[in-house]
file run_36.txt (compact mmCIF, N, CA and C atoms)
# COMPACT_ATOMS: atom_id res chain seq x y z
N GLN A 36 -24.69 -4.21 28.66
CA GLN A 36 -24.37 -3.18 27.69
C GLN A 36 -23.26 -2.30 28.25
N VAL A 37 -22.19 -2.14 27.48
CA VAL A 37 -21.05 -1.32 27.90
C VAL A 37 -21.01 -0.07 27.02
N GLN A 38 -20.88 1.07 27.66
CA GLN A 38 -20.72 2.33 26.93
C GLN A 38 -19.28 2.81 27.11
N LEU A 39 -18.72 3.35 26.03
CA LEU A 39 -17.34 3.81 26.03
C LEU A 39 -17.27 5.25 25.56
N VAL A 40 -16.52 6.07 26.28
CA VAL A 40 -16.35 7.46 25.90
C VAL A 40 -14.87 7.79 25.89
N GLU A 41 -14.37 8.14 24.70
CA GLU A 41 -12.96 8.49 24.57
C GLU A 41 -12.77 9.99 24.69
N SER A 42 -11.57 10.37 25.08
CA SER A 42 -11.19 11.78 25.11
C SER A 42 -9.67 11.87 25.01
N GLY A 43 -9.19 13.09 24.77
CA GLY A 43 -7.75 13.33 24.77
C GLY A 43 -7.13 13.52 23.41
N GLY A 44 -7.90 13.35 22.35
CA GLY A 44 -7.34 13.57 21.02
C GLY A 44 -7.09 15.05 20.76
N GLY A 45 -6.44 15.33 19.65
CA GLY A 45 -6.18 16.71 19.29
C GLY A 45 -5.11 16.82 18.24
N LEU A 46 -4.62 18.03 18.08
CA LEU A 46 -3.57 18.34 17.12
C LEU A 46 -2.25 18.50 17.86
N VAL A 47 -1.22 17.81 17.39
CA VAL A 47 0.08 17.87 18.03
C VAL A 47 1.16 17.84 16.96
N GLN A 48 2.28 18.45 17.26
CA GLN A 48 3.40 18.42 16.31
C GLN A 48 4.13 17.09 16.39
N ALA A 49 4.76 16.73 15.30
CA ALA A 49 5.56 15.51 15.28
C ALA A 49 6.60 15.56 16.40
N GLY A 50 6.74 14.42 17.08
CA GLY A 50 7.64 14.34 18.22
C GLY A 50 6.97 14.61 19.55
N GLY A 51 5.74 15.10 19.49
CA GLY A 51 5.02 15.41 20.71
C GLY A 51 4.31 14.21 21.30
N SER A 52 3.52 14.48 22.34
CA SER A 52 2.83 13.42 23.08
C SER A 52 1.37 13.77 23.28
N LEU A 53 0.57 12.73 23.42
CA LEU A 53 -0.83 12.85 23.80
C LEU A 53 -1.18 11.66 24.66
N ARG A 54 -2.16 11.84 25.52
CA ARG A 54 -2.69 10.71 26.27
C ARG A 54 -4.20 10.62 26.03
N LEU A 55 -4.61 9.49 25.51
CA LEU A 55 -6.02 9.23 25.30
C LEU A 55 -6.60 8.51 26.51
N SER A 56 -7.86 8.80 26.80
CA SER A 56 -8.57 8.12 27.88
C SER A 56 -9.86 7.53 27.35
N CYS A 57 -10.26 6.44 27.93
CA CYS A 57 -11.54 5.81 27.58
C CYS A 57 -12.19 5.35 28.87
N VAL A 58 -13.34 5.93 29.15
CA VAL A 58 -14.10 5.57 30.35
C VAL A 58 -15.21 4.61 29.96
N ALA A 59 -15.27 3.50 30.65
CA ALA A 59 -16.29 2.49 30.39
C ALA A 59 -17.36 2.51 31.48
N SER A 60 -18.59 2.29 31.08
CA SER A 60 -19.68 2.19 32.03
C SER A 60 -20.64 1.09 31.58
N GLY A 61 -21.37 0.57 32.54
CA GLY A 61 -22.38 -0.43 32.21
C GLY A 61 -21.91 -1.86 32.31
N GLY A 62 -20.70 -2.09 32.73
CA GLY A 62 -20.22 -3.45 32.87
C GLY A 62 -19.28 -3.56 34.04
N ARG A 63 -18.81 -4.78 34.29
CA ARG A 63 -17.83 -4.98 35.35
C ARG A 63 -16.46 -4.79 34.72
N PHE A 64 -15.87 -3.63 34.95
CA PHE A 64 -14.70 -3.22 34.20
C PHE A 64 -13.55 -4.21 34.30
N SER A 65 -13.37 -4.75 35.47
CA SER A 65 -12.22 -5.64 35.66
C SER A 65 -12.32 -6.90 34.80
N LEU A 66 -13.53 -7.21 34.34
CA LEU A 66 -13.72 -8.40 33.51
C LEU A 66 -13.73 -8.08 32.02
N ILE A 67 -13.63 -6.81 31.70
CA ILE A 67 -13.71 -6.39 30.31
C ILE A 67 -12.31 -6.29 29.71
N ARG A 68 -12.15 -6.91 28.56
CA ARG A 68 -10.87 -6.79 27.85
C ARG A 68 -10.89 -5.51 27.04
N MET A 69 -9.88 -4.66 27.23
CA MET A 69 -9.86 -3.34 26.62
C MET A 69 -8.71 -3.20 25.63
N GLY A 70 -8.93 -2.35 24.63
CA GLY A 70 -7.87 -2.09 23.67
C GLY A 70 -8.13 -0.82 22.91
N TRP A 71 -7.13 -0.42 22.15
CA TRP A 71 -7.21 0.76 21.30
C TRP A 71 -6.95 0.35 19.85
N TYR A 72 -7.76 0.91 18.96
CA TYR A 72 -7.61 0.72 17.53
C TYR A 72 -7.56 2.10 16.88
N ARG A 73 -7.18 2.15 15.63
CA ARG A 73 -7.19 3.42 14.90
C ARG A 73 -7.55 3.18 13.44
N GLN A 74 -8.07 4.23 12.83
CA GLN A 74 -8.41 4.16 11.42
C GLN A 74 -8.02 5.46 10.76
N ALA A 75 -7.11 5.36 9.82
CA ALA A 75 -6.68 6.51 9.05
C ALA A 75 -7.55 6.61 7.80
N PRO A 76 -7.65 7.79 7.19
CA PRO A 76 -8.47 7.95 5.99
C PRO A 76 -8.06 6.98 4.88
N GLY A 77 -9.05 6.28 4.35
CA GLY A 77 -8.79 5.36 3.27
C GLY A 77 -8.18 4.04 3.67
N LYS A 78 -8.03 3.82 4.98
CA LYS A 78 -7.42 2.58 5.46
C LYS A 78 -8.37 1.84 6.38
N GLN A 79 -8.06 0.56 6.57
CA GLN A 79 -8.87 -0.24 7.47
C GLN A 79 -8.51 0.05 8.93
N ARG A 80 -9.45 -0.20 9.80
CA ARG A 80 -9.19 -0.05 11.23
C ARG A 80 -8.15 -1.10 11.64
N GLU A 81 -7.21 -0.67 12.46
CA GLU A 81 -6.13 -1.57 12.86
C GLU A 81 -5.90 -1.50 14.37
N LEU A 82 -5.37 -2.60 14.88
CA LEU A 82 -5.03 -2.67 16.28
C LEU A 82 -3.85 -1.76 16.58
N VAL A 83 -3.95 -1.03 17.68
CA VAL A 83 -2.83 -0.23 18.17
C VAL A 83 -2.22 -0.90 19.40
N ALA A 84 -3.06 -1.14 20.39
CA ALA A 84 -2.59 -1.73 21.64
C ALA A 84 -3.77 -2.38 22.33
N THR A 85 -3.51 -3.46 23.04
CA THR A 85 -4.58 -4.14 23.72
C THR A 85 -4.05 -4.92 24.91
N PHE A 86 -4.94 -5.16 25.85
CA PHE A 86 -4.66 -6.13 26.90
C PHE A 86 -5.09 -7.49 26.37
N THR A 87 -4.27 -8.47 26.61
CA THR A 87 -4.61 -9.82 26.18
C THR A 87 -5.49 -10.49 27.23
N SER A 88 -6.00 -11.65 26.87
CA SER A 88 -6.86 -12.38 27.80
C SER A 88 -6.10 -12.78 29.06
N GLY A 89 -4.77 -12.88 28.96
CA GLY A 89 -3.97 -13.22 30.13
C GLY A 89 -3.56 -12.03 30.95
N GLY A 90 -3.95 -10.84 30.49
CA GLY A 90 -3.65 -9.64 31.26
C GLY A 90 -2.38 -8.93 30.84
N SER A 91 -1.67 -9.49 29.88
CA SER A 91 -0.47 -8.80 29.39
C SER A 91 -0.89 -7.82 28.30
N THR A 92 0.07 -7.19 27.67
CA THR A 92 -0.23 -6.20 26.64
C THR A 92 0.37 -6.61 25.30
N ASP A 93 -0.25 -6.12 24.25
CA ASP A 93 0.22 -6.39 22.90
C ASP A 93 0.13 -5.10 22.10
N TYR A 94 1.12 -4.86 21.26
CA TYR A 94 1.19 -3.62 20.49
C TYR A 94 1.43 -3.90 19.01
N ALA A 95 0.92 -2.99 18.19
CA ALA A 95 1.29 -3.01 16.78
C ALA A 95 2.78 -2.70 16.69
N ASP A 96 3.45 -3.32 15.73
CA ASP A 96 4.89 -3.09 15.57
C ASP A 96 5.20 -1.61 15.37
N SER A 97 4.30 -0.91 14.70
CA SER A 97 4.55 0.49 14.35
C SER A 97 4.56 1.42 15.57
N VAL A 98 4.02 0.95 16.70
CA VAL A 98 3.95 1.82 17.88
C VAL A 98 4.76 1.30 19.06
N LYS A 99 5.36 0.13 18.92
CA LYS A 99 6.14 -0.44 20.02
C LYS A 99 7.27 0.52 20.42
N GLY A 100 7.40 0.70 21.71
CA GLY A 100 8.43 1.59 22.24
C GLY A 100 8.00 3.04 22.30
N ARG A 101 6.86 3.37 21.69
CA ARG A 101 6.38 4.77 21.70
C ARG A 101 5.06 4.90 22.44
N PHE A 102 4.19 3.90 22.34
CA PHE A 102 2.86 3.95 22.96
C PHE A 102 2.81 2.99 24.13
N THR A 103 2.02 3.36 25.12
CA THR A 103 1.82 2.49 26.28
C THR A 103 0.34 2.47 26.65
N ILE A 104 -0.20 1.27 26.76
CA ILE A 104 -1.58 1.11 27.21
C ILE A 104 -1.57 0.78 28.69
N SER A 105 -2.51 1.37 29.41
CA SER A 105 -2.62 1.10 30.84
C SER A 105 -4.09 1.21 31.23
N ARG A 106 -4.41 0.74 32.41
CA ARG A 106 -5.79 0.80 32.86
C ARG A 106 -5.84 1.07 34.35
N ASP A 107 -6.90 1.71 34.77
CA ASP A 107 -7.16 1.98 36.17
C ASP A 107 -8.54 1.41 36.46
N ASN A 108 -8.57 0.23 37.05
CA ASN A 108 -9.86 -0.43 37.29
C ASN A 108 -10.73 0.36 38.27
N ALA A 109 -10.10 1.10 39.16
CA ALA A 109 -10.89 1.88 40.13
C ALA A 109 -11.63 3.02 39.45
N LYS A 110 -11.10 3.47 38.30
CA LYS A 110 -11.73 4.57 37.56
C LYS A 110 -12.42 4.08 36.29
N ASN A 111 -12.46 2.77 36.08
CA ASN A 111 -13.08 2.20 34.87
C ASN A 111 -12.52 2.84 33.61
N THR A 112 -11.23 3.07 33.60
CA THR A 112 -10.61 3.83 32.53
C THR A 112 -9.40 3.10 31.97
N VAL A 113 -9.27 3.16 30.66
CA VAL A 113 -8.08 2.67 29.98
C VAL A 113 -7.42 3.86 29.29
N TYR A 114 -6.11 3.87 29.29
CA TYR A 114 -5.35 4.99 28.74
C TYR A 114 -4.46 4.51 27.59
N LEU A 115 -4.13 5.45 26.73
CA LEU A 115 -3.11 5.21 25.72
C LEU A 115 -2.17 6.41 25.73
N GLN A 116 -0.99 6.20 26.27
CA GLN A 116 0.03 7.24 26.26
C GLN A 116 0.80 7.13 24.96
N MET A 117 0.82 8.22 24.21
CA MET A 117 1.45 8.21 22.90
C MET A 117 2.59 9.22 22.90
N ASN A 118 3.79 8.74 22.74
CA ASN A 118 4.98 9.59 22.70
C ASN A 118 5.65 9.52 21.34
N SER A 119 6.50 10.48 21.08
CA SER A 119 7.25 10.52 19.81
C SER A 119 6.32 10.33 18.62
N LEU A 120 5.26 11.09 18.62
CA LEU A 120 4.24 10.93 17.59
C LEU A 120 4.78 11.30 16.22
N LYS A 121 4.28 10.56 15.23
CA LYS A 121 4.68 10.75 13.84
C LYS A 121 3.45 11.10 13.01
N SER A 122 3.67 11.68 11.84
CA SER A 122 2.54 12.05 10.99
C SER A 122 1.70 10.82 10.62
N GLU A 123 2.34 9.68 10.52
CA GLU A 123 1.60 8.47 10.16
C GLU A 123 0.74 7.94 11.31
N ASP A 124 0.83 8.55 12.47
CA ASP A 124 -0.06 8.18 13.58
C ASP A 124 -1.40 8.92 13.47
N THR A 125 -1.52 9.83 12.53
CA THR A 125 -2.77 10.56 12.34
C THR A 125 -3.90 9.59 12.00
N ALA A 126 -4.96 9.65 12.77
CA ALA A 126 -6.08 8.73 12.59
C ALA A 126 -7.17 9.05 13.61
N VAL A 127 -8.30 8.41 13.44
CA VAL A 127 -9.30 8.40 14.50
C VAL A 127 -9.00 7.18 15.38
N TYR A 128 -8.89 7.42 16.66
CA TYR A 128 -8.56 6.36 17.61
C TYR A 128 -9.83 5.92 18.33
N TYR A 129 -10.02 4.61 18.36
CA TYR A 129 -11.22 4.04 18.95
C TYR A 129 -10.85 3.14 20.13
N CYS A 130 -11.64 3.26 21.16
CA CYS A 130 -11.55 2.36 22.28
C CYS A 130 -12.45 1.16 21.99
N ARG A 131 -11.95 -0.01 22.30
CA ARG A 131 -12.71 -1.25 22.07
C ARG A 131 -12.77 -2.03 23.37
N ALA A 132 -13.96 -2.55 23.64
CA ALA A 132 -14.14 -3.38 24.82
C ALA A 132 -14.80 -4.68 24.41
N SER A 133 -14.38 -5.75 25.02
CA SER A 133 -15.03 -7.02 24.75
C SER A 133 -15.33 -7.73 26.07
N GLN A 134 -16.52 -8.24 26.15
CA GLN A 134 -16.95 -8.97 27.33
C GLN A 134 -17.68 -10.22 26.85
N PHE A 135 -17.13 -11.36 27.19
CA PHE A 135 -17.61 -12.64 26.65
C PHE A 135 -17.51 -12.57 25.14
N THR A 136 -18.58 -12.68 24.41
CA THR A 136 -18.51 -12.68 22.95
C THR A 136 -18.96 -11.35 22.34
N THR A 137 -19.24 -10.37 23.16
CA THR A 137 -19.76 -9.10 22.67
C THR A 137 -18.65 -8.05 22.62
N VAL A 138 -18.64 -7.31 21.52
CA VAL A 138 -17.64 -6.25 21.32
C VAL A 138 -18.35 -4.90 21.29
N TYR A 139 -17.74 -3.93 21.95
CA TYR A 139 -18.27 -2.58 21.99
C TYR A 139 -17.19 -1.61 21.50
N TRP A 140 -17.64 -0.53 20.87
CA TRP A 140 -16.73 0.50 20.37
C TRP A 140 -17.14 1.87 20.89
N GLY A 141 -16.14 2.69 21.11
CA GLY A 141 -16.41 4.09 21.42
C GLY A 141 -16.66 4.86 20.13
N GLN A 142 -16.92 6.15 20.29
CA GLN A 142 -17.24 6.99 19.14
C GLN A 142 -16.00 7.46 18.40
N GLY A 143 -14.85 7.31 19.01
CA GLY A 143 -13.60 7.71 18.37
C GLY A 143 -13.17 9.11 18.74
N THR A 144 -11.86 9.32 18.73
CA THR A 144 -11.30 10.64 18.97
C THR A 144 -10.18 10.88 17.95
N GLN A 145 -10.21 12.05 17.36
CA GLN A 145 -9.28 12.36 16.27
C GLN A 145 -7.91 12.74 16.83
N VAL A 146 -6.88 12.14 16.28
CA VAL A 146 -5.50 12.52 16.57
C VAL A 146 -4.86 12.95 15.26
N THR A 147 -4.37 14.17 15.25
CA THR A 147 -3.72 14.70 14.06
C THR A 147 -2.30 15.14 14.42
N VAL A 148 -1.33 14.59 13.71
CA VAL A 148 0.08 14.90 13.97
C VAL A 148 0.61 15.69 12.78
N SER A 149 1.03 16.90 13.04
CA SER A 149 1.54 17.75 11.97
C SER A 149 3.06 17.61 11.88
N SER A 150 3.54 17.56 10.65
CA SER A 150 5.00 17.38 10.45
C SER A 150 5.69 18.72 10.24
call {"tool": "encode", "arguments": {"input": "run_36.txt", "output": "structure tokens"}}
result
Amino acid sequence: QVQLVESGGGLVQAGGSLRLSCVASGGRFSLIRMGWYRQAPGKQRELVATFTSGGSTDYADSVKGRFTISRDNAKNTVYLQMNSLKSEDTAVYYCRASQFTTVYWGQGTQVTVSS
């Protein structure tokens, strides 16, 4: 069983930056595939950034060049650095972990970008 706790969301002006963190517990972090998703009001949850099974990274087209996913295995933490934020980035951001065939989700953290 993997537990995920996100933090770092908040209110920021357009053009600003935020860094989200997700701490994982209950599993062997280095073996867990981690990613970030988001869900805006009235929309489906969508991929933002993720580590692939090969260890590389993948991003939604809408955030390429602005967001960076990284991880610190020593701290069991995955980060999402978000720069040049836009109003359309407003959403609840969720950390996702997968280990073997099981998927885990965090509780989400709200990011609101004011224009």
call {"tool": "select_by_dssp", "arguments": {"input": "run_36.txt", "residues": "stretch 57-117 of chain A", "states": "strand (DSSP E or B)", "output": "ChimeraX atom specification"}}
result
/A:57-60,68-74,81-86,92-94,102-107,112-117
call {"tool": "closest_residue", "arguments": {"input": "run_36.txt", "among": "A:Val127, A:Ser65, A:Gln74, A:Ser88", "to": "A:Asn108", "atoms": "all atoms listed in the file"}}
result
A:Ser65
call {"tool": "closest_atom_pairs", "arguments": {"input": "run_36.txt", "of": "stretch 110-131 of chain A", "to": "stretch 40-61 of chain A", "cutoff": "6 Å", "atoms": "only C-alpha atoms", "output": "Markdown table"}}
result
| residue | atom | partner | partner_atom | distance |
| --- | --- | --- | --- | --- |
| A:Asn111 | CA | A:Ala59 | CA | 5.5 |
| A:Thr112 | CA | A:Val58 | CA | 4.5 |
| A:Val113 | CA | A:Cys57 | CA | 5.3 |
| A:Tyr114 | CA | A:Ser56 | CA | 4.6 |
| A:Leu115 | CA | A:Leu55 | CA | 5.0 |
| A:Gln116 | CA | A:Arg54 | CA | 4.4 |
| A:Met117 | CA | A:Leu53 | CA | 5.2 |
| A:Asn118 | CA | A:Ser52 | CA | 4.4 |
| A:Ser119 | CA | A:Gly50 | CA | 4.2 |
| A:Leu120 | CA | A:Gly50 | CA | 4.9 |
| A:Lys121 | CA | A:Ala49 | CA | 5.1 |
call {"tool": "axis_aligned_box", "arguments": {"input": "run_36.txt", "around": "stretch 121-130 of chain A", "padding_each_side": "5 Å", "output": "JSON"}}
result
{"center_x": -3.9, "center_y": 6.6, "center_z": 16.2, "size_x": 27.1, "size_y": 20.9, "size_z": 22.1}
call {"tool": "residues_around", "arguments": {"input": "run_36.txt", "residues": "stretch 131-146 of chain A", "least_positions_apart": "2", "cutoff": "5 Å", "atoms": "only N, CA and C atoms", "output": "short mmCIF file (atom, residue, chain, number, x, y, z; two decimals) with N, CA and C atoms, in the coordinates of the input"}}
result
data_model
loop_
_atom_site.label_atom_id
_atom_site.label_comp_id
_atom_site.auth_asym_id
_atom_site.auth_seq_id
_atom_site.Cartn_x
_atom_site.Cartn_y
_atom_site.Cartn_z
N LEU A 39 -18.72 3.35 26.03
CA LEU A 39 -17.34 3.81 26.03
C LEU A 39 -17.27 5.25 25.56
N GLY A 44 -7.90 13.35 22.35
CA GLY A 44 -7.34 13.57 21.02
C GLY A 44 -7.09 15.05 20.76
N GLY A 45 -6.44 15.33 19.65
CA GLY A 45 -6.18 16.71 19.29
C GLY A 45 -5.11 16.82 18.24
N ILE A 67 -13.63 -6.81 31.70
CA ILE A 67 -13.71 -6.39 30.31
C ILE A 67 -12.31 -6.29 29.71
N ARG A 68 -12.15 -6.91 28.56
CA ARG A 68 -10.87 -6.79 27.85
C ARG A 68 -10.89 -5.51 27.04
N MET A 69 -9.88 -4.66 27.23
CA MET A 69 -9.86 -3.34 26.62
C MET A 69 -8.71 -3.20 25.63
N GLY A 70 -8.93 -2.35 24.63
CA GLY A 70 -7.87 -2.09 23.67
C GLY A 70 -8.13 -0.82 22.91
N TRP A 71 -7.13 -0.42 22.15
CA TRP A 71 -7.21 0.76 21.30
C TRP A 71 -6.95 0.35 19.85
N THR A 125 -1.52 9.83 12.53
CA THR A 125 -2.77 10.56 12.34
C THR A 125 -3.90 9.59 12.00
N ALA A 126 -4.96 9.65 12.77
CA ALA A 126 -6.08 8.73 12.59
C ALA A 126 -7.17 9.05 13.61
N VAL A 127 -8.30 8.41 13.44
CA VAL A 127 -9.30 8.40 14.50
C VAL A 127 -9.00 7.18 15.38
N TYR A 128 -8.89 7.42 16.66
CA TYR A 128 -8.56 6.36 17.61
C TYR A 128 -9.83 5.92 18.33
N TYR A 129 -10.02 4.61 18.36
CA TYR A 129 -11.22 4.04 18.95
C TYR A 129 -10.85 3.14 20.13
N VAL A 148 -1.33 14.59 13.71
CA VAL A 148 0.08 14.90 13.97
C VAL A 148 0.61 15.69 12.78
#
call {"tool": "atom_distance", "arguments": {"input": "run_36.txt", "atom1": "atom N of A:Ser122", "atom2": "atom C of A:Ser150"}}
result
7.5 Å
call {"tool": "atom_distance", "arguments": {"input": "run_36.txt", "atom1": "atom CA of A:Val98", "atom2": "atom C of A:Val83"}}
result
6.9 Å
call {"tool": "atom_distance", "arguments": {"input": "run_36.txt", "atom1": "atom CA of A:Ala109", "atom2": "atom CA of A:Glu81"}}
result
27.9 Å
call {"tool": "build_atoms", "arguments": {"input": "run_36.txt", "residues": "stretch 110-120 of chain A", "atoms": "all heavy atoms", "output": "mmCIF file, in the frame of the given file"}}
result
data_model
loop_
_atom_site.group_PDB
_atom_site.id
_atom_site.type_symbol
_atom_site.label_atom_id
_atom_site.label_comp_id
_atom_site.auth_asym_id
_atom_site.auth_seq_id
_atom_site.Cartn_x
_atom_site.Cartn_y
_atom_site.Cartn_z
ATOM 1 N N LYS A 110 -11.100 3.470 38.300
ATOM 2 C CA LYS A 110 -11.730 4.570 37.560
ATOM 3 C C LYS A 110 -12.420 4.080 36.290
ATOM 4 O O LYS A 110 -12.902 4.894 35.504
ATOM 5 C CB LYS A 110 -10.683 5.617 37.199
ATOM 6 C CG LYS A 110 -10.063 6.314 38.395
ATOM 7 C CD LYS A 110 -9.070 7.374 37.951
ATOM 8 C CE LYS A 110 -8.478 8.104 39.152
ATOM 9 N NZ LYS A 110 -7.512 9.149 38.743
ATOM 10 N N ASN A 111 -12.460 2.770 36.080
ATOM 11 C CA ASN A 111 -13.080 2.200 34.870
ATOM 12 C C ASN A 111 -12.520 2.840 33.610
ATOM 13 O O ASN A 111 -13.255 3.124 32.662
ATOM 14 C CB ASN A 111 -14.601 2.383 34.902
ATOM 15 C CG ASN A 111 -15.272 1.480 35.913
ATOM 16 O OD1 ASN A 111 -14.624 0.718 36.630
ATOM 17 N ND2 ASN A 111 -16.579 1.565 35.999
ATOM 18 N N THR A 112 -11.230 3.070 33.600
ATOM 19 C CA THR A 112 -10.610 3.830 32.530
ATOM 20 C C THR A 112 -9.400 3.100 31.970
ATOM 21 O O THR A 112 -8.605 2.521 32.729
ATOM 22 C CB THR A 112 -10.178 5.217 33.036
ATOM 23 O OG1 THR A 112 -11.329 5.908 33.543
ATOM 24 C CG2 THR A 112 -9.569 6.044 31.910
ATOM 25 N N VAL A 113 -9.270 3.160 30.660
ATOM 26 C CA VAL A 113 -8.080 2.670 29.980
ATOM 27 C C VAL A 113 -7.420 3.860 29.290
ATOM 28 O O VAL A 113 -8.117 4.752 28.797
ATOM 29 C CB VAL A 113 -8.405 1.541 28.991
ATOM 30 C CG1 VAL A 113 -9.305 2.018 27.873
ATOM 31 C CG2 VAL A 113 -7.130 0.919 28.434
ATOM 32 N N TYR A 114 -6.110 3.870 29.290
ATOM 33 C CA TYR A 114 -5.350 4.990 28.740
ATOM 34 C C TYR A 114 -4.460 4.510 27.590
ATOM 35 O O TYR A 114 -4.066 3.342 27.528
ATOM 36 C CB TYR A 114 -4.459 5.621 29.810
ATOM 37 C CG TYR A 114 -5.197 6.103 31.025
ATOM 38 C CD1 TYR A 114 -5.274 5.315 32.174
ATOM 39 C CD2 TYR A 114 -5.823 7.343 31.035
ATOM 40 C CE1 TYR A 114 -5.943 5.749 33.306
ATOM 41 C CE2 TYR A 114 -6.498 7.781 32.168
ATOM 42 C CZ TYR A 114 -6.559 6.986 33.288
ATOM 43 O OH TYR A 114 -7.242 7.413 34.396
ATOM 44 N N LEU A 115 -4.130 5.450 26.730
ATOM 45 C CA LEU A 115 -3.110 5.210 25.720
ATOM 46 C C LEU A 115 -2.170 6.410 25.730
ATOM 47 O O LEU A 115 -2.551 7.495 25.288
ATOM 48 C CB LEU A 115 -3.717 5.020 24.330
ATOM 49 C CG LEU A 115 -2.706 4.675 23.229
ATOM 50 C CD1 LEU A 115 -2.122 3.279 23.470
ATOM 51 C CD2 LEU A 115 -3.351 4.737 21.848
ATOM 52 N N GLN A 116 -0.990 6.200 26.270
ATOM 53 C CA GLN A 116 0.030 7.240 26.260
ATOM 54 C C GLN A 116 0.800 7.130 24.960
ATOM 55 O O GLN A 116 1.365 6.062 24.667
ATOM 56 C CB GLN A 116 0.969 7.073 27.454
ATOM 57 C CG GLN A 116 2.092 8.087 27.504
ATOM 58 C CD GLN A 116 1.605 9.500 27.739
ATOM 59 O OE1 GLN A 116 0.756 9.739 28.583
ATOM 60 N NE2 GLN A 116 2.148 10.453 26.977
ATOM 61 N N MET A 117 0.820 8.220 24.210
ATOM 62 C CA MET A 117 1.450 8.210 22.900
ATOM 63 C C MET A 117 2.590 9.220 22.900
ATOM 64 O O MET A 117 2.339 10.418 23.074
ATOM 65 C CB MET A 117 0.433 8.560 21.809
ATOM 66 C CG MET A 117 -0.793 7.653 21.816
ATOM 67 S SD MET A 117 -1.913 7.969 20.448
ATOM 68 C CE MET A 117 -2.476 9.623 20.857
ATOM 69 N N ASN A 118 3.790 8.740 22.740
ATOM 70 C CA ASN A 118 4.980 9.590 22.700
ATOM 71 C C ASN A 118 5.650 9.520 21.340
ATOM 72 O O ASN A 118 5.380 8.606 20.552
ATOM 73 C CB ASN A 118 5.976 9.146 23.776
ATOM 74 C CG ASN A 118 5.421 9.256 25.178
ATOM 75 O OD1 ASN A 118 4.602 10.138 25.481
ATOM 76 N ND2 ASN A 118 5.844 8.366 26.057
ATOM 77 N N SER A 119 6.500 10.480 21.080
ATOM 78 C CA SER A 119 7.250 10.520 19.810
ATOM 79 C C SER A 119 6.320 10.330 18.620
ATOM 80 O O SER A 119 6.567 9.517 17.727
ATOM 81 C CB SER A 119 8.334 9.426 19.811
ATOM 82 O OG SER A 119 9.227 9.591 20.884
ATOM 83 N N LEU A 120 5.260 11.090 18.620
ATOM 84 C CA LEU A 120 4.240 10.930 17.590
ATOM 85 C C LEU A 120 4.780 11.300 16.220
ATOM 86 O O LEU A 120 5.612 12.206 16.067
ATOM 87 C CB LEU A 120 3.022 11.784 17.915
ATOM 88 C CG LEU A 120 2.116 11.174 18.998
ATOM 89 C CD1 LEU A 120 1.219 12.229 19.615
ATOM 90 C CD2 LEU A 120 1.280 10.044 18.405
#
